[in-house]
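**Student:** My file is run-v5.txt. It has compact mmCIF, N, CA, C and O atoms:
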# COMPACT_ATOMS: atom_id res chain seq x y z
N MET G 27 116.82 216.71 135.95
CA MET G 27 116.39 216.52 137.32
C MET G 27 116.88 215.15 137.78
O MET G 27 116.71 214.16 137.07
N ASN G 28 117.48 215.09 138.95
CA ASN G 28 117.95 213.82 139.48
C ASN G 28 117.13 213.41 140.70
O ASN G 28 116.20 214.11 141.09
N ARG G 29 117.49 212.28 141.29
CA ARG G 29 116.73 211.73 142.41
C ARG G 29 116.64 212.73 143.57
O ARG G 29 115.56 212.91 144.15
N ALA G 30 117.74 213.37 143.90
CA ALA G 30 117.74 214.33 145.02
C ALA G 30 116.80 215.50 144.74
O ALA G 30 116.08 215.95 145.65
N ASN G 31 116.78 215.99 143.49
CA ASN G 31 115.87 217.07 143.13
C ASN G 31 114.41 216.64 143.25
O ASN G 31 113.57 217.41 143.70
N ILE G 32 114.13 215.42 142.82
CA ILE G 32 112.76 214.90 142.89
C ILE G 32 112.32 214.79 144.35
O ILE G 32 111.24 215.25 144.71
N VAL G 33 113.17 214.21 145.19
CA VAL G 33 112.84 214.06 146.61
C VAL G 33 112.63 215.42 147.25
O VAL G 33 111.65 215.64 147.97
N TYR G 34 113.52 216.37 146.99
CA TYR G 34 113.41 217.71 147.56
C TYR G 34 112.10 218.38 147.15
O TYR G 34 111.39 218.95 147.96
N THR G 35 111.78 218.30 145.85
CA THR G 35 110.59 218.95 145.32
C THR G 35 109.31 218.34 145.91
O THR G 35 108.39 219.07 146.30
N ILE G 36 109.26 217.02 145.96
CA ILE G 36 108.07 216.37 146.53
C ILE G 36 107.93 216.73 148.01
O ILE G 36 106.82 217.04 148.47
N ALA G 37 109.03 216.72 148.74
CA ALA G 37 108.98 217.07 150.18
C ALA G 37 108.48 218.49 150.37
O ALA G 37 107.65 218.76 151.24
N LYS G 38 108.97 219.39 149.54
CA LYS G 38 108.58 220.80 149.64
C LYS G 38 107.08 220.98 149.34
O LYS G 38 106.40 221.74 150.02
N LYS G 39 106.58 220.26 148.34
CA LYS G 39 105.18 220.43 147.93
C LYS G 39 104.19 219.68 148.82
O LYS G 39 103.02 220.05 148.85
N THR G 40 104.65 218.64 149.51
CA THR G 40 103.73 217.85 150.32
C THR G 40 103.83 218.12 151.81
O THR G 40 102.94 217.72 152.56
N GLY G 41 104.93 218.73 152.24
CA GLY G 41 105.13 218.95 153.67
C GLY G 41 105.71 217.74 154.38
O GLY G 41 105.91 217.77 155.60
N MET G 42 105.99 216.67 153.64
CA MET G 42 106.64 215.49 154.23
C MET G 42 108.13 215.77 154.38
O MET G 42 108.66 216.66 153.72
N SER G 43 108.79 215.00 155.22
CA SER G 43 110.24 215.18 155.35
C SER G 43 110.93 214.55 154.14
O SER G 43 110.38 213.66 153.48
N GLN G 44 112.14 215.02 153.87
CA GLN G 44 112.88 214.47 152.74
C GLN G 44 113.20 213.00 152.98
O GLN G 44 113.23 212.20 152.04
N LYS G 45 113.41 212.61 154.24
CA LYS G 45 113.70 211.22 154.56
C LYS G 45 112.49 210.33 154.24
O LYS G 45 112.65 209.25 153.68
N GLU G 46 111.30 210.79 154.58
CA GLU G 46 110.07 210.03 154.28
C GLU G 46 109.88 209.89 152.77
O GLU G 46 109.60 208.81 152.27
N VAL G 47 110.03 211.00 152.07
CA VAL G 47 109.86 210.98 150.62
C VAL G 47 110.90 210.08 149.98
O VAL G 47 110.60 209.29 149.08
N SER G 48 112.14 210.17 150.46
CA SER G 48 113.21 209.34 149.92
C SER G 48 112.91 207.85 150.10
O SER G 48 113.11 207.04 149.19
N THR G 49 112.37 207.49 151.26
CA THR G 49 112.02 206.09 151.53
C THR G 49 110.90 205.62 150.60
O THR G 49 110.99 204.54 150.00
N VAL G 50 109.87 206.43 150.44
CA VAL G 50 108.76 206.07 149.56
C VAL G 50 109.24 205.97 148.11
O VAL G 50 108.89 205.02 147.39
N PHE G 51 110.05 206.92 147.70
CA PHE G 51 110.56 206.93 146.32
C PHE G 51 111.43 205.69 146.06
O PHE G 51 111.27 205.02 145.04
N GLU G 52 112.31 205.38 147.00
CA GLU G 52 113.18 204.21 146.87
C GLU G 52 112.35 202.92 146.82
O GLU G 52 112.61 202.05 146.00
N ARG G 53 111.34 202.81 147.66
CA ARG G 53 110.47 201.63 147.66
C ARG G 53 109.69 201.51 146.35
O ARG G 53 109.48 200.41 145.84
N THR G 54 109.26 202.63 145.81
CA THR G 54 108.53 202.63 144.54
C THR G 54 109.43 202.08 143.42
O THR G 54 109.02 201.22 142.64
N LEU G 55 110.65 202.59 143.36
CA LEU G 55 111.59 202.11 142.34
C LEU G 55 111.90 200.63 142.53
O LEU G 55 112.00 199.88 141.56
N LEU G 56 112.03 200.21 143.79
CA LEU G 56 112.30 198.81 144.08
C LEU G 56 111.13 197.92 143.64
O LEU G 56 111.34 196.85 143.07
N MET G 57 109.91 198.37 143.86
CA MET G 57 108.73 197.60 143.45
C MET G 57 108.66 197.48 141.93
O MET G 57 108.33 196.42 141.39
N ILE G 58 108.97 198.57 141.23
CA ILE G 58 108.98 198.53 139.76
C ILE G 58 110.05 197.55 139.28
O ILE G 58 109.81 196.72 138.41
N THR G 59 111.24 197.63 139.88
CA THR G 59 112.34 196.73 139.51
C THR G 59 111.97 195.28 139.78
O THR G 59 112.21 194.41 138.93
N ASP G 60 111.39 195.01 140.94
CA ASP G 60 110.98 193.63 141.27
C ASP G 60 109.94 193.10 140.29
O ASP G 60 110.02 191.96 139.85
N ALA G 61 108.96 193.93 139.95
CA ALA G 61 107.91 193.50 139.01
C ALA G 61 108.52 193.18 137.65
O ALA G 61 108.21 192.14 137.05
N LEU G 62 109.41 194.03 137.17
CA LEU G 62 110.05 193.79 135.88
C LEU G 62 110.91 192.53 135.91
O LEU G 62 110.91 191.75 134.96
N SER G 63 111.63 192.32 137.01
CA SER G 63 112.49 191.13 137.10
C SER G 63 111.67 189.85 137.20
O SER G 63 112.18 188.77 136.91
N ASN G 64 110.39 189.97 137.57
CA ASN G 64 109.49 188.81 137.61
C ASN G 64 108.68 188.66 136.32
O ASN G 64 107.75 187.87 136.26
N GLY G 65 109.01 189.47 135.31
CA GLY G 65 108.34 189.36 134.02
C GLY G 65 107.02 190.11 133.93
O GLY G 65 106.29 189.96 132.96
N GLU G 66 106.69 190.90 134.94
CA GLU G 66 105.45 191.66 134.93
C GLU G 66 105.68 193.03 134.28
O GLU G 66 106.80 193.50 134.22
N SER G 67 104.59 193.64 133.82
CA SER G 67 104.69 195.01 133.35
C SER G 67 104.10 195.92 134.43
O SER G 67 103.34 195.47 135.27
N VAL G 68 104.52 197.18 134.41
CA VAL G 68 104.04 198.15 135.39
C VAL G 68 103.42 199.31 134.64
O VAL G 68 104.09 199.98 133.85
N GLU G 69 102.13 199.53 134.86
CA GLU G 69 101.42 200.62 134.18
C GLU G 69 101.07 201.70 135.19
O GLU G 69 100.44 201.42 136.21
N ILE G 70 101.51 202.92 134.91
CA ILE G 70 101.16 204.06 135.73
C ILE G 70 100.29 204.95 134.84
O ILE G 70 100.80 205.60 133.92
N ARG G 71 99.01 204.92 135.09
CA ARG G 71 98.05 205.64 134.23
C ARG G 71 98.41 207.12 134.13
O ARG G 71 98.74 207.76 135.13
N GLY G 72 98.37 207.63 132.93
CA GLY G 72 98.69 209.02 132.69
C GLY G 72 100.17 209.28 132.58
O GLY G 72 100.60 210.40 132.30
N PHE G 73 101.00 208.26 132.82
CA PHE G 73 102.45 208.42 132.74
C PHE G 73 103.05 207.48 131.70
O PHE G 73 103.68 207.92 130.77
N GLY G 74 102.85 206.17 131.87
CA GLY G 74 103.37 205.23 130.90
C GLY G 74 103.45 203.82 131.44
O GLY G 74 103.03 203.54 132.56
N THR G 75 104.05 202.94 130.63
CA THR G 75 104.16 201.53 130.97
C THR G 75 105.61 201.07 130.86
O THR G 75 106.27 201.33 129.86
N PHE G 76 106.06 200.40 131.92
CA PHE G 76 107.37 199.76 131.92
C PHE G 76 107.15 198.28 131.66
O PHE G 76 106.25 197.67 132.25
N LYS G 77 107.96 197.68 130.79
CA LYS G 77 107.89 196.25 130.58
C LYS G 77 109.22 195.74 130.05
O LYS G 77 110.08 196.54 129.65
N CYS G 78 109.37 194.43 130.04
CA CYS G 78 110.59 193.82 129.52
C CYS G 78 110.32 193.26 128.14
O CYS G 78 109.26 192.69 127.89
N VAL G 79 111.29 193.43 127.26
CA VAL G 79 111.18 192.96 125.88
C VAL G 79 112.32 191.99 125.62
O VAL G 79 113.46 192.24 126.03
N HIS G 80 112.02 190.89 124.96
CA HIS G 80 113.04 189.90 124.60
C HIS G 80 113.63 190.29 123.25
O HIS G 80 112.90 190.44 122.28
N ARG G 81 114.94 190.44 123.21
CA ARG G 81 115.64 190.75 121.96
C ARG G 81 116.34 189.49 121.49
O ARG G 81 117.05 188.83 122.26
N SER G 82 116.18 189.16 120.22
CA SER G 82 116.79 187.96 119.66
C SER G 82 118.28 188.15 119.46
O SER G 82 118.78 189.27 119.35
N ALA G 83 118.98 187.02 119.38
CA ALA G 83 120.41 187.07 119.04
C ALA G 83 120.54 187.58 117.61
O ALA G 83 119.65 187.37 116.77
N ARG G 84 121.63 188.30 117.35
CA ARG G 84 121.81 188.84 116.00
C ARG G 84 123.28 189.07 115.75
O ARG G 84 124.12 188.95 116.63
N ILE G 85 123.58 189.37 114.51
CA ILE G 85 124.95 189.72 114.13
C ILE G 85 124.98 191.21 113.83
O ILE G 85 124.21 191.70 113.01
N ALA G 86 125.85 191.92 114.54
CA ALA G 86 126.00 193.36 114.35
C ALA G 86 127.37 193.64 113.74
O ALA G 86 128.18 192.73 113.59
N MET G 87 127.61 194.89 113.41
CA MET G 87 128.90 195.28 112.84
C MET G 87 129.64 196.20 113.79
O MET G 87 129.06 197.13 114.35
N ASN G 88 130.93 195.94 113.96
CA ASN G 88 131.78 196.85 114.71
C ASN G 88 131.97 198.09 113.85
O ASN G 88 132.49 198.01 112.74
N PRO G 89 131.57 199.28 114.33
CA PRO G 89 131.65 200.47 113.49
C PRO G 89 133.09 200.89 113.14
O PRO G 89 133.31 201.51 112.11
N ARG G 90 134.05 200.53 113.96
CA ARG G 90 135.45 200.90 113.68
C ARG G 90 136.09 200.00 112.64
O ARG G 90 136.76 200.47 111.73
N THR G 91 135.88 198.68 112.81
CA THR G 91 136.57 197.73 111.94
C THR G 91 135.69 197.15 110.85
O THR G 91 136.20 196.60 109.88
N GLY G 92 134.38 197.24 111.04
CA GLY G 92 133.46 196.65 110.07
C GLY G 92 133.30 195.14 110.24
O GLY G 92 132.61 194.50 109.47
N GLU G 93 133.96 194.59 111.27
CA GLU G 93 133.86 193.15 111.50
C GLU G 93 132.52 192.79 112.12
O GLU G 93 131.97 193.55 112.91
N PRO G 94 131.98 191.62 111.76
CA PRO G 94 130.73 191.19 112.38
C PRO G 94 130.96 190.78 113.84
O PRO G 94 132.01 190.24 114.18
N ILE G 95 129.96 191.06 114.68
CA ILE G 95 130.01 190.72 116.10
C ILE G 95 128.73 189.97 116.45
O ILE G 95 127.64 190.40 116.06
N ASN G 96 128.86 188.88 117.17
CA ASN G 96 127.67 188.15 117.63
C ASN G 96 127.13 188.83 118.88
O ASN G 96 127.85 189.02 119.85
N VAL G 97 125.86 189.18 118.85
CA VAL G 97 125.19 189.78 120.01
C VAL G 97 124.20 188.74 120.52
O VAL G 97 123.31 188.30 119.78
N ASP G 98 124.37 188.34 121.78
CA ASP G 98 123.50 187.31 122.37
C ASP G 98 122.08 187.83 122.57
O ASP G 98 121.86 189.03 122.64
N LYS G 99 121.14 186.88 122.70
CA LYS G 99 119.77 187.27 123.01
C LYS G 99 119.76 187.84 124.43
O LYS G 99 120.60 187.49 125.27
N LYS G 100 118.83 188.74 124.68
CA LYS G 100 118.77 189.36 126.00
C LYS G 100 117.38 189.91 126.26
O LYS G 100 116.56 190.03 125.36
N VAL G 101 117.16 190.24 127.51
CA VAL G 101 115.90 190.86 127.93
C VAL G 101 116.25 192.28 128.38
O VAL G 101 117.18 192.48 129.17
N VAL G 102 115.53 193.27 127.84
CA VAL G 102 115.81 194.66 128.19
C VAL G 102 114.53 195.36 128.66
O VAL G 102 113.45 195.10 128.15
N PRO G 103 114.66 196.24 129.66
CA PRO G 103 113.49 196.99 130.10
C PRO G 103 113.18 198.11 129.11
O PRO G 103 114.10 198.70 128.54
N THR G 104 111.90 198.37 128.89
CA THR G 104 111.49 199.45 128.00
C THR G 104 110.42 200.30 128.69
O THR G 104 109.79 199.86 129.65
N PHE G 105 110.25 201.49 128.18
CA PHE G 105 109.22 202.39 128.71
C PHE G 105 108.44 202.95 127.54
O PHE G 105 109.02 203.43 126.56
N LYS G 106 107.12 202.85 127.62
CA LYS G 106 106.25 203.42 126.60
C LYS G 106 105.44 204.53 127.26
O LYS G 106 104.62 204.27 128.15
N PRO G 107 105.66 205.79 126.86
CA PRO G 107 104.91 206.89 127.48
C PRO G 107 103.44 206.86 127.10
O PRO G 107 103.07 206.42 126.02
N SER G 108 102.61 207.35 128.02
CA SER G 108 101.17 207.41 127.76
C SER G 108 100.88 208.57 126.81
O SER G 108 101.69 209.50 126.67
N PRO G 109 99.73 208.55 126.14
CA PRO G 109 99.35 209.68 125.29
C PRO G 109 99.33 211.01 126.06
O PRO G 109 99.71 212.05 125.52
N LYS G 110 98.92 210.96 127.33
CA LYS G 110 98.88 212.16 128.15
C LYS G 110 100.29 212.74 128.35
O LYS G 110 100.50 213.95 128.25
N LEU G 111 101.28 211.88 128.61
CA LEU G 111 102.66 212.33 128.77
C LEU G 111 103.22 212.85 127.45
O LEU G 111 103.89 213.89 127.41
N LYS G 112 102.91 212.16 126.37
CA LYS G 112 103.37 212.62 125.05
C LYS G 112 102.83 214.02 124.74
O LYS G 112 103.55 214.87 124.23
N GLU G 113 101.57 214.24 125.06
CA GLU G 113 100.95 215.54 124.81
C GLU G 113 101.60 216.62 125.68
O GLU G 113 101.81 217.75 125.23
N ALA G 114 101.94 216.28 126.92
CA ALA G 114 102.52 217.24 127.85
C ALA G 114 103.90 217.73 127.40
O ALA G 114 104.27 218.87 127.65
N VAL G 115 104.64 216.88 126.70
CA VAL G 115 106.00 217.27 126.28
C VAL G 115 106.08 217.61 124.80
O VAL G 115 107.17 217.85 124.27
N LYS G 116 104.96 217.68 124.16
CA LYS G 116 104.89 217.90 122.72
C LYS G 116 105.64 219.14 122.24
O LYS G 116 106.39 219.10 121.28
N GLY G 117 105.49 220.27 122.93
CA GLY G 117 106.09 221.50 122.47
C GLY G 117 107.42 221.85 123.11
O GLY G 117 107.95 222.93 122.92
N VAL G 118 108.03 220.91 123.86
CA VAL G 118 109.28 221.18 124.53
C VAL G 118 110.40 221.28 123.50
O VAL G 118 110.54 220.43 122.63
N LYS G 119 111.21 222.33 123.63
CA LYS G 119 112.33 222.52 122.71
C LYS G 119 113.58 221.88 123.27
O LYS G 119 113.81 221.88 124.46
N LYS G 120 114.40 221.37 122.38
CA LYS G 120 115.65 220.72 122.75
C LYS G 120 116.63 221.74 123.28
O LYS G 120 116.77 222.83 122.72
N LYS G 121 117.34 221.40 124.36
CA LYS G 121 118.33 222.31 124.94
C LYS G 121 119.68 222.13 124.32
O LYS G 121 120.07 221.12 123.89
Once more with this new file: its structure as structure tokens, please.
**Tutor:**
Amino acid sequence: MNRANIVYTIAKKTGMSQKEVSTVFERTLLMITDALSNGESVEIRGFGTFKCVHRSARIAMNPRTGEPINVDKKVVPTFKPSPKLKEAVKGVKKK
């Protein structure tokens, strides 16, 4: 499912226009992005938590050549699903 499918489905189920839903959806993503870029975490109860994690610098291996590569420290966004979401997808089979 992509952004267009999500917007279409929400509009169909709520009776809102696709333009309204698209605006709300875009603003929601922007707010999550802004919160993460400010070092905050975002918790959506029953869905999960978005937060940023600091990864230390390390030495990795190039899989082709076996040569060591320096990987700089960085901050990466992560998502931890809620127990409710985990339970909802528990029996889903891989496609």
**Student:** I need the residues in segment 55-121 of chain G that are alpha helix (DSSP H) according to DSSP; give them as a ChimeraX atom specification.
**Tutor:** /G:55-63,109-114
**Student:** Those residues with N, CA, C and O atoms, as a PDB file, in the coordinates of the input please?
**Tutor:**
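This went into selection_11.pdb:
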ATOM      1  N   LEU G  55     110.650 202.590 143.360  1.00  0.00           N
ATOM      2  CA  LEU G  55     111.590 202.110 142.340  1.00  0.00           C
ATOM      3  C   LEU G  55     111.900 200.630 142.530  1.00  0.00           C
ATOM      4  O   LEU G  55     112.000 199.880 141.560  1.00  0.00           O
ATOM      5  N   LEU G  56     112.030 200.210 143.790  1.00  0.00           N
ATOM      6  CA  LEU G  56     112.300 198.810 144.080  1.00  0.00           C
ATOM      7  C   LEU G  56     111.130 197.920 143.640  1.00  0.00           C
ATOM      8  O   LEU G  56     111.340 196.850 143.070  1.00  0.00           O
ATOM      9  N   MET G  57     109.910 198.370 143.860  1.00  0.00           N
ATOM     10  CA  MET G  57     108.730 197.600 143.450  1.00  0.00           C
ATOM     11  C   MET G  57     108.660 197.480 141.930  1.00  0.00           C
ATOM     12  O   MET G  57     108.330 196.420 141.390  1.00  0.00           O
ATOM     13  N   ILE G  58     108.970 198.570 141.230  1.00  0.00           N
ATOM     14  CA  ILE G  58     108.980 198.530 139.760  1.00  0.00           C
ATOM     15  C   ILE G  58     110.050 197.550 139.280  1.00  0.00           C
ATOM     16  O   ILE G  58     109.810 196.720 138.410  1.00  0.00           O
ATOM     17  N   THR G  59     111.240 197.630 139.880  1.00  0.00           N
ATOM     18  CA  THR G  59     112.340 196.730 139.510  1.00  0.00           C
ATOM     19  C   THR G  59     111.970 195.280 139.780  1.00  0.00           C
ATOM     20  O   THR G  59     112.210 194.410 138.930  1.00  0.00           O
ATOM     21  N   ASP G  60     111.390 195.010 140.940  1.00  0.00           N
ATOM     22  CA  ASP G  60     110.980 193.630 141.270  1.00  0.00           C
ATOM     23  C   ASP G  60     109.940 193.100 140.290  1.00  0.00           C
ATOM     24  O   ASP G  60     110.020 191.960 139.850  1.00  0.00           O
ATOM     25  N   ALA G  61     108.960 193.930 139.950  1.00  0.00           N
ATOM     26  CA  ALA G  61     107.910 193.500 139.010  1.00  0.00           C
ATOM     27  C   ALA G  61     108.520 193.180 137.650  1.00  0.00           C
ATOM     28  O   ALA G  61     108.210 192.140 137.050  1.00  0.00           O
ATOM     29  N   LEU G  62     109.410 194.030 137.170  1.00  0.00           N
ATOM     30  CA  LEU G  62     110.050 193.790 135.880  1.00  0.00           C
ATOM     31  C   LEU G  62     110.910 192.530 135.910  1.00  0.00           C
ATOM     32  O   LEU G  62     110.910 191.750 134.960  1.00  0.00           O
ATOM     33  N   SER G  63     111.630 192.320 137.010  1.00  0.00           N
ATOM     34  CA  SER G  63     112.490 191.130 137.100  1.00  0.00           C
ATOM     35  C   SER G  63     111.670 189.850 137.200  1.00  0.00           C
ATOM     36  O   SER G  63     112.180 188.770 136.910  1.00  0.00           O
ATOM     37  N   PRO G 109      99.730 208.550 126.140  1.00  0.00           N
ATOM     38  CA  PRO G 109      99.350 209.680 125.290  1.00  0.00           C
ATOM     39  C   PRO G 109      99.330 211.010 126.060  1.00  0.00           C
ATOM     40  O   PRO G 109      99.710 212.050 125.520  1.00  0.00           O
ATOM     41  N   LYS G 110      98.920 210.960 127.330  1.00  0.00           N
ATOM     42  CA  LYS G 110      98.880 212.160 128.150  1.00  0.00           C
ATOM     43  C   LYS G 110     100.290 212.740 128.350  1.00  0.00           C
ATOM     44  O   LYS G 110     100.500 213.950 128.250  1.00  0.00           O
ATOM     45  N   LEU G 111     101.280 211.880 128.610  1.00  0.00           N
ATOM     46  CA  LEU G 111     102.660 212.330 128.770  1.00  0.00           C
ATOM     47  C   LEU G 111     103.220 212.850 127.450  1.00  0.00           C
ATOM     48  O   LEU G 111     103.890 213.890 127.410  1.00  0.00           O
ATOM     49  N   LYS G 112     102.910 212.160 126.370  1.00  0.00           N
ATOM     50  CA  LYS G 112     103.370 212.620 125.050  1.00  0.00           C
ATOM     51  C   LYS G 112     102.830 214.020 124.740  1.00  0.00           C
ATOM     52  O   LYS G 112     103.550 214.870 124.230  1.00  0.00           O
ATOM     53  N   GLU G 113     101.570 214.240 125.060  1.00  0.00           N
ATOM     54  CA  GLU G 113     100.950 215.540 124.810  1.00  0.00           C
ATOM     55  C   GLU G 113     101.600 216.620 125.680  1.00  0.00           C
ATOM     56  O   GLU G 113     101.810 217.750 125.230  1.00  0.00           O
ATOM     57  N   ALA G 114     101.940 216.280 126.920  1.00  0.00           N
ATOM     58  CA  ALA G 114     102.520 217.240 127.850  1.00  0.00           C
ATOM     59  C   ALA G 114     103.900 217.730 127.400  1.00  0.00           C
ATOM     60  O   ALA G 114     104.270 218.870 127.650  1.00  0.00           O
TER      61      ALA G 114
END
**Student:** When you count all atoms listed in the file, which of these residues is closest to Lys100 of chain G: G:Thr59, G:Thr54, G:Ser82, G:Ser43?
**Tutor:**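 Ranked by minimum distance to Lys100 of chain G, first place goes to G:Ser82.
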**Student:** Taking 5 positions as the minimum chain separation for residues in the same chain, which residues sit within 8 Å of Thr75 of chain G when counting only N, CA, C and O atoms? Answer as a list in words.
**Tutor:**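 The contact residues come out as Ser67, Val68, Glu69, Ile70, Pro103, Thr104, Phe105, Lys106, Pro107 and Ser108 of chain G.
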**Student:** So how far away is atom CA of Val115 of chain G from atom CA of Met57 of chain G, in Å?
**Tutor:**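 For atom CA of Met57 of chain G relative to atom CA of Val115 of chain G, the distance reads 26.3 Å.
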**Student:** What parts of chain G does DSSP call strand (DSSP E)? I'd like the answer as a list in words.
**Tutor:**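 DSSP-assigned strand (DSSP E) residues in chain G: Val68, Glu69, Ile70, Gly74, Thr75, Phe76, Lys77, Cys78, Val79, His80, Arg81, Arg84, Ile85, Ala86, Met87, Pro94, Ile95, Asn96, Val97, Lys100, Val101, Val102, Pro103, Thr104, Phe105, Lys106 and Pro107 of chain G.
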**Student:** Quick one: pull the distance between atom CA of Asp98 of chain G and atom CA of Cys78 of chain G, Å, one decimal.
**Tutor:**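 Separating atom CA of Asp98 of chain G from atom CA of Cys78 of chain G is a distance of 16.1 Å.
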**Student:** Atom CA of Val47 of chain G and atom CA of Glu66 of chain G, how far apart in Å?
**Tutor:**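 Rounded to one decimal, the two atoms are 25.3 Å apart.
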**Student:** Please determine the residues with any atom at most 6 Å from (99.4, 209.3, 132.3) (coordinates as given in the file, with only N, CA, C and O atoms counting) and report them as a VMD selection string.
**Tutor:** chain G and resid 70 to 74 108 110 to 111
**Student:** How would you write as a tab-separated table (two decimals) with N, CA, C and O atoms, in the frame of the given file the residues that get within 12 Å of (110.3, 213.9, 142.4) in the file's frame, counting only C-alpha atoms?
**Tutor:**
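In the end it all went to selection_39.tsv:
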chain	number	residue	atom	x	y	z
G	27	MET	N	116.82	216.71	135.95
G	27	MET	CA	116.39	216.52	137.32
G	27	MET	C	116.88	215.15	137.78
G	27	MET	O	116.71	214.16	137.07
G	28	ASN	N	117.48	215.09	138.95
G	28	ASN	CA	117.95	213.82	139.48
G	28	ASN	C	117.13	213.41	140.70
G	28	ASN	O	116.20	214.11	141.09
G	29	ARG	N	117.49	212.28	141.29
G	29	ARG	CA	116.73	211.73	142.41
G	29	ARG	C	116.64	212.73	143.57
G	29	ARG	O	115.56	212.91	144.15
G	30	ALA	N	117.74	213.37	143.90
G	30	ALA	CA	117.74	214.33	145.02
G	30	ALA	C	116.80	215.50	144.74
G	30	ALA	O	116.08	215.95	145.65
G	31	ASN	N	116.78	215.99	143.49
G	31	ASN	CA	115.87	217.07	143.13
G	31	ASN	C	114.41	216.64	143.25
G	31	ASN	O	113.57	217.41	143.70
G	32	ILE	N	114.13	215.42	142.82
G	32	ILE	CA	112.76	214.90	142.89
G	32	ILE	C	112.32	214.79	144.35
G	32	ILE	O	111.24	215.25	144.71
G	33	VAL	N	113.17	214.21	145.19
G	33	VAL	CA	112.84	214.06	146.61
G	33	VAL	C	112.63	215.42	147.25
G	33	VAL	O	111.65	215.64	147.97
G	34	TYR	N	113.52	216.37	146.99
G	34	TYR	CA	113.41	217.71	147.56
G	34	TYR	C	112.10	218.38	147.15
G	34	TYR	O	111.39	218.95	147.96
G	35	THR	N	111.78	218.30	145.85
G	35	THR	CA	110.59	218.95	145.32
G	35	THR	C	109.31	218.34	145.91
G	35	THR	O	108.39	219.07	146.30
G	36	ILE	N	109.26	217.02	145.96
G	36	ILE	CA	108.07	216.37	146.53
G	36	ILE	C	107.93	216.73	148.01
G	36	ILE	O	106.82	217.04	148.47
G	37	ALA	N	109.03	216.72	148.74
G	37	ALA	CA	108.98	217.07	150.18
G	37	ALA	C	108.48	218.49	150.37
G	37	ALA	O	107.65	218.76	151.24
G	38	LYS	N	108.97	219.39	149.54
G	38	LYS	CA	108.58	220.80	149.64
G	38	LYS	C	107.08	220.98	149.34
G	38	LYS	O	106.40	221.74	150.02
G	39	LYS	N	106.58	220.26	148.34
G	39	LYS	CA	105.18	220.43	147.93
G	39	LYS	C	104.19	219.68	148.82
G	39	LYS	O	103.02	220.05	148.85
G	40	THR	N	104.65	218.64	149.51
G	40	THR	CA	103.73	217.85	150.32
G	40	THR	C	103.83	218.12	151.81
G	40	THR	O	102.94	217.72	152.56
G	44	GLN	N	112.14	215.02	153.87
G	44	GLN	CA	112.88	214.47	152.74
G	44	GLN	C	113.20	213.00	152.98
G	44	GLN	O	113.23	212.20	152.04
G	47	VAL	N	110.03	211.00	152.07
G	47	VAL	CA	109.86	210.98	150.62
G	47	VAL	C	110.90	210.08	149.98
G	47	VAL	O	110.60	209.29	149.08
G	48	SER	N	112.14	210.17	150.46
G	48	SER	CA	113.21	209.34	149.92
G	48	SER	C	112.91	207.85	150.10
G	48	SER	O	113.11	207.04	149.19
G	50	VAL	N	109.87	206.43	150.44
G	50	VAL	CA	108.76	206.07	149.56
G	50	VAL	C	109.24	205.97	148.11
G	50	VAL	O	108.89	205.02	147.39
G	51	PHE	N	110.05	206.92	147.70
G	51	PHE	CA	110.56	206.93	146.32
G	51	PHE	C	111.43	205.69	146.06
G	51	PHE	O	111.27	205.02	145.04
G	52	GLU	N	112.31	205.38	147.00
G	52	GLU	CA	113.18	204.21	146.87
G	52	GLU	C	112.35	202.92	146.82
G	52	GLU	O	112.61	202.05	146.00
G	54	THR	N	109.26	202.63	145.81
G	54	THR	CA	108.53	202.63	144.54
G	54	THR	C	109.43	202.08	143.42
G	54	THR	O	109.02	201.22	142.64
G	55	LEU	N	110.65	202.59	143.36
G	55	LEU	CA	111.59	202.11	142.34
G	55	LEU	C	111.90	200.63	142.53
G	55	LEU	O	112.00	199.88	141.56
**Student:** Using all atoms listed in the file, can you tell me which of G:Gly41, G:Met87, G:Val79, G:Lys112 comes closest to Lys99 of chain G?
**Tutor:**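 Looking only at the distances to Lys99 of chain G, the closest residue turns out to be G:Val79.
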